[in-house]
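Participant: As input, take upload20.cif (mmCIF, C-alpha atoms and all ligand atoms):
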data_coords
loop_
_atom_site.label_atom_id
_atom_site.label_comp_id
_atom_site.auth_asym_id
_atom_site.auth_seq_id
_atom_site.Cartn_x
_atom_site.Cartn_y
_atom_site.Cartn_z
CA MET A 1 151.42 122.21 96.94
CA ALA A 2 148.43 124.50 96.56
CA THR A 3 146.15 124.30 93.55
CA ILE A 4 146.89 127.15 91.14
CA ALA A 5 144.14 128.60 88.96
CA LEU A 6 144.07 131.39 86.37
CA VAL A 7 140.98 133.27 85.19
CA THR A 8 141.14 135.45 82.07
CA GLY A 9 138.94 138.56 82.15
CA GLY A 10 138.93 138.21 85.93
CA ASN A 11 138.49 141.90 86.73
CA ARG A 12 134.69 142.04 86.40
CA GLY A 13 131.53 140.08 85.67
CA ILE A 14 131.51 136.29 85.72
CA GLY A 15 135.32 136.13 85.69
CA LEU A 16 135.58 138.07 88.95
CA GLU A 17 132.92 135.85 90.52
CA VAL A 18 134.88 132.74 89.45
CA VAL A 19 138.06 134.20 91.01
CA LYS A 20 136.07 134.68 94.22
CA GLN A 21 134.58 131.17 94.27
CA LEU A 22 137.86 129.40 93.42
CA THR A 23 139.69 131.42 96.09
CA GLU A 24 137.00 130.46 98.60
CA LEU A 25 137.67 126.81 97.70
CA GLY A 26 141.30 127.34 98.76
CA MET A 27 142.93 127.67 95.33
CA ILE A 28 145.55 130.33 94.66
CA THR A 29 143.56 132.05 91.95
CA ILE A 30 145.35 134.46 89.66
CA LEU A 31 143.17 137.29 88.40
CA GLY A 32 144.05 137.96 84.74
CA SER A 33 143.16 141.45 83.54
CA ARG A 34 144.08 143.18 80.30
CA ASP A 35 144.31 146.42 82.23
CA ALA A 36 146.64 145.98 85.21
CA VAL A 37 145.14 148.94 87.11
CA ARG A 38 141.57 147.65 86.76
CA GLY A 39 142.81 144.20 87.77
CA GLU A 40 144.53 145.50 90.92
CA ALA A 41 141.45 147.53 91.89
CA ALA A 42 139.20 144.46 91.50
CA ALA A 43 141.63 142.31 93.50
CA ILE A 44 141.81 144.82 96.37
CA GLN A 45 138.01 144.97 96.58
CA LEU A 46 137.68 141.19 96.44
CA SER A 47 140.41 140.72 99.02
CA GLU A 48 138.43 142.96 101.41
CA GLN A 49 135.39 140.70 100.95
CA LEU A 50 137.56 137.63 101.63
CA ASP A 51 139.10 138.73 104.95
CA GLY A 52 142.29 140.08 103.42
CA GLN A 53 143.14 137.03 101.37
CA THR A 54 145.76 137.83 98.72
CA ILE A 55 144.60 137.73 95.10
CA PRO A 56 147.54 137.63 92.67
CA VAL A 57 147.01 139.77 89.56
CA ILE A 58 148.64 139.49 86.15
CA GLN A 59 148.33 141.76 83.15
CA LEU A 60 146.85 139.49 80.48
CA ASP A 61 145.40 140.69 77.19
CA ILE A 62 144.34 137.51 75.42
CA ASP A 63 144.54 139.25 72.02
CA ASP A 64 148.21 140.06 72.53
CA LEU A 65 150.76 137.26 72.16
CA ALA A 66 153.49 139.18 74.02
CA SER A 67 151.18 139.78 77.00
CA VAL A 68 150.09 136.13 77.06
CA ALA A 69 153.68 134.88 76.80
CA GLU A 70 154.84 137.20 79.61
CA ALA A 71 151.95 136.01 81.83
CA ALA A 72 152.90 132.38 81.20
CA ARG A 73 156.53 133.15 82.04
CA TRP A 74 155.44 134.76 85.32
CA VAL A 75 153.29 131.80 86.32
CA ALA A 76 156.14 129.40 85.42
CA ASP A 77 158.64 131.38 87.50
CA THR A 78 156.26 131.88 90.44
CA TYR A 79 154.43 128.54 90.70
CA GLY A 80 156.03 126.16 88.17
CA LYS A 81 152.64 124.75 87.17
CA LEU A 82 149.01 125.59 86.49
CA ASP A 83 146.14 123.33 87.60
CA VAL A 84 143.09 125.21 86.34
CA LEU A 85 142.73 127.52 83.33
CA ILE A 86 139.45 129.40 82.94
CA ASN A 87 139.17 130.91 79.46
CA ASN A 88 136.50 133.42 80.48
CA ALA A 89 137.34 136.70 78.71
CA GLY A 90 134.88 137.47 75.95
CA VAL A 91 133.35 140.30 73.92
CA ASN A 92 130.55 141.47 71.68
CA TYR A 93 127.17 139.95 72.40
CA ASP A 94 126.00 141.53 69.16
CA THR A 95 122.22 141.61 69.53
CA HIS A 96 122.15 144.60 67.15
CA GLN A 97 123.50 142.57 64.21
CA HIS A 98 122.07 139.92 61.88
CA ALA A 99 123.81 137.30 59.73
CA LEU A 100 122.50 138.89 56.51
CA SER A 101 124.02 142.29 57.16
CA VAL A 102 126.68 141.91 59.89
CA ASP A 103 129.96 143.77 59.46
CA LEU A 104 132.43 140.96 58.72
CA ASP A 105 135.36 142.90 60.20
CA ASN A 106 133.40 142.86 63.42
CA VAL A 107 132.95 139.09 63.08
CA LEU A 108 136.71 138.75 62.62
CA SER A 109 137.58 140.86 65.66
CA THR A 110 135.08 138.90 67.76
CA PHE A 111 136.72 135.64 66.69
CA LYS A 112 140.07 137.17 67.53
CA THR A 113 139.12 137.44 71.18
CA ASN A 114 136.45 134.82 71.85
CA THR A 115 138.01 131.96 69.88
CA LEU A 116 141.65 132.72 69.10
CA GLY A 117 142.21 134.40 72.48
CA ALA A 118 141.22 131.27 74.38
CA TRP A 119 143.30 129.21 71.94
CA ARG A 120 146.35 131.49 72.32
CA VAL A 121 146.20 131.38 76.12
CA THR A 122 145.80 127.59 76.12
CA GLN A 123 148.82 127.15 73.84
CA ALA A 124 150.92 129.37 76.10
CA PHE A 125 149.92 127.59 79.32
CA VAL A 126 149.63 123.99 78.16
CA SER A 127 153.11 122.96 79.32
CA LEU A 128 152.32 124.35 82.80
CA LEU A 129 148.98 122.50 82.81
CA LYS A 130 150.83 119.29 81.97
CA GLN A 131 152.95 119.82 85.11
CA SER A 132 149.75 119.61 87.18
CA GLY A 133 148.85 115.97 86.63
CA HIS A 134 145.18 117.02 87.16
CA GLY A 135 144.80 119.91 84.72
CA ARG A 136 141.40 121.41 84.00
CA ILE A 137 140.52 123.83 81.19
CA VAL A 138 137.12 125.51 81.15
CA ASN A 139 136.14 127.42 78.02
CA VAL A 140 133.37 129.81 78.97
CA SER A 141 131.04 129.46 76.04
CA SER A 142 127.36 130.25 75.53
CA GLY A 143 124.07 128.69 74.56
CA ALA A 144 124.22 131.21 71.70
CA GLY A 145 126.91 128.96 70.20
CA GLU A 146 124.68 125.86 70.16
CA LEU A 147 124.23 124.49 66.66
CA ALA A 148 120.88 123.24 67.91
CA SER A 149 119.55 126.78 68.46
CA MET A 150 121.38 128.77 65.75
CA THR A 151 119.40 131.63 64.16
CA GLY A 152 120.61 134.71 62.27
CA GLY A 153 120.86 136.70 65.52
CA THR A 154 124.05 137.63 67.42
CA PRO A 155 126.03 136.32 64.42
CA ALA A 156 129.58 137.32 65.40
CA TYR A 157 129.18 136.16 68.98
CA SER A 158 127.31 132.94 68.16
CA LEU A 159 129.80 131.73 65.57
CA SER A 160 132.78 132.65 67.75
CA LYS A 161 131.34 130.51 70.55
CA LEU A 162 130.46 127.68 68.14
CA ALA A 163 134.11 127.68 67.09
CA LEU A 164 135.17 127.78 70.75
CA ASN A 165 133.08 124.64 71.27
CA GLY A 166 134.90 122.96 68.37
CA LEU A 167 138.21 124.01 69.90
CA THR A 168 137.08 122.46 73.18
CA LEU A 169 136.66 119.09 71.46
CA MET A 170 140.06 119.36 69.77
CA LEU A 171 141.84 120.23 73.00
CA ALA A 172 139.99 117.56 74.97
CA SER A 173 141.13 114.92 72.52
CA ALA A 174 144.70 116.22 72.32
CA LEU A 175 145.12 116.45 76.11
CA GLN A 176 143.32 113.30 77.25
CA GLN A 177 146.57 111.36 77.65
CA ASP A 178 147.89 114.10 79.97
CA GLY A 179 144.94 113.82 82.34
CA ILE A 180 143.74 117.32 81.41
CA LEU A 181 139.95 117.61 81.27
CA VAL A 182 138.68 120.25 78.82
CA ASN A 183 135.05 121.33 78.78
CA ALA A 184 132.88 124.14 77.47
CA VAL A 185 130.46 125.74 79.90
CA CYS A 186 127.55 128.13 79.47
CA PRO A 187 127.11 130.13 82.68
CA GLY A 188 123.46 130.89 81.86
CA TRP A 189 122.07 134.36 81.19
CA ILE A 190 123.68 136.55 83.85
CA ALA A 191 123.21 140.25 84.61
CA THR A 192 126.74 141.44 83.87
CA ASP A 193 127.81 144.33 81.61
CA MET A 194 127.54 141.87 78.74
CA GLY A 195 124.37 140.06 79.82
CA GLY A 196 122.45 143.24 80.69
CA PRO A 197 119.91 143.88 83.42
CA GLY A 198 117.47 141.07 82.43
CA GLY A 199 119.90 138.32 83.40
CA GLY A 200 120.05 136.27 86.58
CA PRO A 201 122.31 136.68 89.62
CA ILE A 202 126.03 136.21 89.24
CA GLU A 203 126.66 133.54 91.86
CA PRO A 204 125.04 130.61 89.96
CA GLY A 205 126.79 131.75 86.76
CA GLY A 206 130.15 131.49 88.51
CA LYS A 207 129.18 128.16 90.04
CA SER A 208 128.38 126.73 86.61
CA VAL A 209 131.98 127.46 85.58
CA VAL A 210 133.54 126.34 88.87
CA TRP A 211 131.76 122.99 88.55
CA ALA A 212 133.86 122.14 85.49
CA ALA A 213 137.03 123.46 87.13
CA THR A 214 136.67 121.08 90.07
CA LEU A 215 135.83 117.80 88.32
CA GLU A 216 137.30 114.61 89.73
CA ASP A 217 140.00 112.89 87.67
CA ASN A 218 137.41 110.54 86.15
CA GLY A 219 135.16 113.49 85.25
CA SER A 220 133.90 114.45 81.83
CA THR A 221 136.09 115.83 79.08
CA GLY A 222 135.02 117.21 75.71
CA GLY A 223 131.54 118.12 76.94
CA PHE A 224 129.26 121.18 76.91
CA PHE A 225 127.52 121.95 80.21
CA ARG A 226 125.32 124.46 81.99
CA HIS A 227 124.94 124.22 85.78
CA GLY A 228 126.56 120.78 85.71
CA GLU A 229 124.07 119.39 83.16
CA ARG A 230 125.09 118.39 79.63
CA ILE A 231 123.58 120.61 76.88
CA PRO A 232 123.50 120.01 73.10
CA TRP A 233 126.26 121.29 70.82
P1 LIG B 301 131.66 141.18 80.86
O1 LIG B 301 131.03 141.59 82.13
O2 LIG B 301 131.49 142.01 79.65
O3 LIG B 301 133.23 140.93 81.15
C1 LIG B 301 134.06 140.55 80.09
C2 LIG B 301 135.46 140.36 80.63
O4 LIG B 301 136.31 139.95 79.52
C3 LIG B 301 136.07 141.65 81.18
O5 LIG B 301 136.89 141.36 82.29
C4 LIG B 301 136.92 142.15 80.02
O6 LIG B 301 138.01 142.98 80.41
C5 LIG B 301 137.44 140.81 79.52
N1 LIG B 301 138.06 140.91 78.20
C6 LIG B 301 137.51 141.25 77.02
N2 LIG B 301 138.43 141.24 76.05
C7 LIG B 301 139.62 140.88 76.62
C8 LIG B 301 140.93 140.69 76.16
N3 LIG B 301 141.28 140.90 74.90
N4 LIG B 301 141.88 140.27 77.04
C9 LIG B 301 141.56 140.05 78.34
N5 LIG B 301 140.34 140.27 78.86
C10 LIG B 301 139.37 140.66 77.99
O7 LIG B 301 131.14 139.72 80.43
P2 LIG B 301 130.60 138.48 81.29
O8 LIG B 301 129.13 138.47 81.16
O9 LIG B 301 131.25 138.44 82.61
O10 LIG B 301 131.12 137.30 80.37
C11 LIG B 301 132.18 136.43 80.75
C12 LIG B 301 132.14 135.24 79.79
O11 LIG B 301 130.86 134.58 79.92
C13 LIG B 301 132.27 135.63 78.33
O12 LIG B 301 133.07 134.69 77.65
C14 LIG B 301 130.84 135.57 77.82
O13 LIG B 301 130.77 135.34 76.45
C15 LIG B 301 130.28 134.42 78.63
N6 LIG B 301 128.82 134.40 78.76
C16 LIG B 301 128.16 135.39 79.41
C17 LIG B 301 126.77 135.33 79.52
C18 LIG B 301 125.98 136.40 80.25
O14 LIG B 301 124.74 136.33 80.26
N7 LIG B 301 126.62 137.35 80.89
C19 LIG B 301 126.05 134.26 78.96
C20 LIG B 301 126.75 133.27 78.30
C21 LIG B 301 128.14 133.34 78.22
P3 LIG B 301 137.86 144.61 80.43
O15 LIG B 301 137.22 144.95 81.74
O16 LIG B 301 139.28 145.07 80.30
O17 LIG B 301 137.00 145.00 79.26
#
Transcribe the structure of this file into structure tokens.
Facilitator:
Amino acid sequence: MATIALVTGGNRGIGLEVVKQLTELGMITILGSRDAVRGEAAAIQLSEQLDGQTIPVIQLDIDDLASVAEAARWVADTYGKLDVLINNAGVNYDTHQHALSVDLDNVLSTFKTNTLGAWRVTQAFVSLLKQSGHGRIVNVSSGAGELASMTGGTPAYSLSKLALNGLTLMLASALQQDGILVNAVCPGWIATDMGGPGGGPIEPGGKSVVWAATLEDNGSTGGFFRHGERIPW
């Protein structure tokens, strides 16, 4: 049976690029989008670039338990398993804030998406990933979440990604016996809506994520990588 992948926040930016690259590798890659209309529009455009290949779309707001549960039900009914989960959706690269003065409600809402969203989606899909036998989870993190380079800048974003890295270690340990490899990946600084115009091209950013989604069964788990190279926590 085909390899089934799901990308959260797949309607634009790095997520859309990852949908493209995984589809090109032959995986049935489900484009998760919190707005179904934006998701369908992105899938139609991508399909045109890929010679009419079908891109399945699901409405998936990672902040919303009902939406996540419904998406998991749909994948269970349609495919009966999930091989690759890319926890890509993320928000609030808060360059305008500092740890000494940041609005803590904003910190909380950033955690809600960047950390708890990935956690919520993983919980909902873990039984389907166990059906795979070769499950892969990629948490799209950031160098901003490295303990090694923590400053007072981008406080909400940095701490939410630091916590996502901790979650990666927890999940990797908990899922090792099921053959599910769980890693955190920094795509590098990429010129998306979030990254801004100074960032690099999108293709290598997507590739950095796809690398961890396509590890062999004896590949790494519980690691933090950029472009296939280990980076410090
Ligand atoms: P982006 O262009 O801003 O895209 C963010 C994506 O996340 C959008 O599809 C957005 O959907 C989705 N999203 C946000 N909240 C969501 C929610 N509650 N439910 C579902 N989807 C949600 O950002 P990007 O640069 O592609 O970033 C993708 C990932 O890479 C993020 O986790 C980010 O932290 C990480 N990253 C990016 C860079 C960089 O330089 N760009 C560097 C390091 C790490 P809508 O279109 O509906 O808003």
Participant: Please, which residues have at least one atom within 9 Å of an atom of ligand LIG 301 (chain B), using only C-alpha atoms and all ligand atoms, listed as a ChimeraX atom specification?
Facilitator: /A:8-17,32-36,38-39,59-64,87-93,112-114,117,139-144,157,161,185-196,198-200,202,205
Participant: Find the spatial neighbours of Val121 (chain A), counting all atoms listed in the file, within a cut-off of 9 Å - ignore same-chain residues fewer than 3 positions away - and output them as a list in words.
Facilitator: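 Near Val121 (chain A), the qualifying residues are Thr8, Ile62, Leu65, Val68, Ala69, Ala72, Leu85, Asn87, Leu116, Gly117, Ala118, Ala124, Phe125 and Val126 of chain A.
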Participant: Would you mind listing what lies within 9 Å of Ala163 (chain A) as a CSV table (one decimal) with C-alpha atoms, in the coordinates of the input, with all atoms listed in the file counted and same-chain residues fewer than 2 positions away left out?
Facilitator:
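Now in out.csv:
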chain,number,residue,atom,x,y,z
A,111,PHE,CA,136.7,135.6,66.7
A,114,ASN,CA,136.4,134.8,71.8
A,115,THR,CA,138.0,132.0,69.9
A,145,GLY,CA,126.9,129.0,70.2
A,158,SER,CA,127.3,132.9,68.2
A,159,LEU,CA,129.8,131.7,65.6
A,160,SER,CA,132.8,132.6,67.8
A,161,LYS,CA,131.3,130.5,70.6
A,165,ASN,CA,133.1,124.6,71.3
A,166,GLY,CA,134.9,123.0,68.4
A,167,LEU,CA,138.2,124.0,69.9
A,168,THR,CA,137.1,122.5,73.2
Participant: Grab the CA of Leu128 (chain A) to CA of Thr110 (chain A) distance for me, in Å with one decimal place.
Facilitator: 27.1 Å
Participant: Place a sphere of radius 12 Å on (134.2, 112.9, 84.2) in the file coordinates and name every protein, DNA or RNA residue with an atom inside or on its surface, counting only C-alpha atoms; give the answer as a compact mmCIF listing (two decimals) with C-alpha atoms, in the coordinates of the input.
Facilitator:
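Dumped everything to part-v5.txt:
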# COMPACT_ATOMS: atom_id res chain seq x y z
CA ARG A 136 141.40 121.41 84.00
CA ALA A 172 139.99 117.56 74.97
CA GLN A 176 143.32 113.30 77.25
CA GLY A 179 144.94 113.82 82.34
CA ILE A 180 143.74 117.32 81.41
CA LEU A 181 139.95 117.61 81.27
CA VAL A 182 138.68 120.25 78.82
CA ASN A 183 135.05 121.33 78.78
CA TRP A 211 131.76 122.99 88.55
CA ALA A 212 133.86 122.14 85.49
CA ALA A 213 137.03 123.46 87.13
CA THR A 214 136.67 121.08 90.07
CA LEU A 215 135.83 117.80 88.32
CA GLU A 216 137.30 114.61 89.73
CA ASP A 217 140.00 112.89 87.67
CA ASN A 218 137.41 110.54 86.15
CA GLY A 219 135.16 113.49 85.25
CA SER A 220 133.90 114.45 81.83
CA THR A 221 136.09 115.83 79.08
CA GLY A 222 135.02 117.21 75.71
CA GLY A 223 131.54 118.12 76.94
CA PHE A 225 127.52 121.95 80.21
CA GLY A 228 126.56 120.78 85.71
CA ARG A 230 125.09 118.39 79.63
Participant: Mind giving me the straight-line distance from CA of Asp103 (chain A) to CA of Ala156 (chain A) in Å, one decimal?
Facilitator: 8.8 Å
Participant: Dig up all the protein and nucleic acid residues within 7 Å of (155.8, 123.0, 87.8) in the file frame, using only C-alpha atoms, and format them as a PyMOL selection string.
Facilitator: chain A and resi 76+79-81+128+131-132
Participant: Would you export the selected residues with C-alpha atoms as a PDB file, keeping the file's coordinate frame, please?
Facilitator:
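Here's the written file part_14.pdb:
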ATOM      1  CA  ALA A  76     156.140 129.400  85.420  1.00  0.00           C
ATOM      2  CA  TYR A  79     154.430 128.540  90.700  1.00  0.00           C
ATOM      3  CA  GLY A  80     156.030 126.160  88.170  1.00  0.00           C
ATOM      4  CA  LYS A  81     152.640 124.750  87.170  1.00  0.00           C
ATOM      5  CA  LEU A 128     152.320 124.350  82.800  1.00  0.00           C
ATOM      6  CA  GLN A 131     152.950 119.820  85.110  1.00  0.00           C
ATOM      7  CA  SER A 132     149.750 119.610  87.180  1.00  0.00           C
TER       8      SER A 132
END
Participant: Just how far from CA of Gly153 (chain A) is CA of Met170 (chain A), in Å to one decimal?
Facilitator: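 Separation between CA of Met170 (chain A) and CA of Gly153 (chain A): 26.2 Å.
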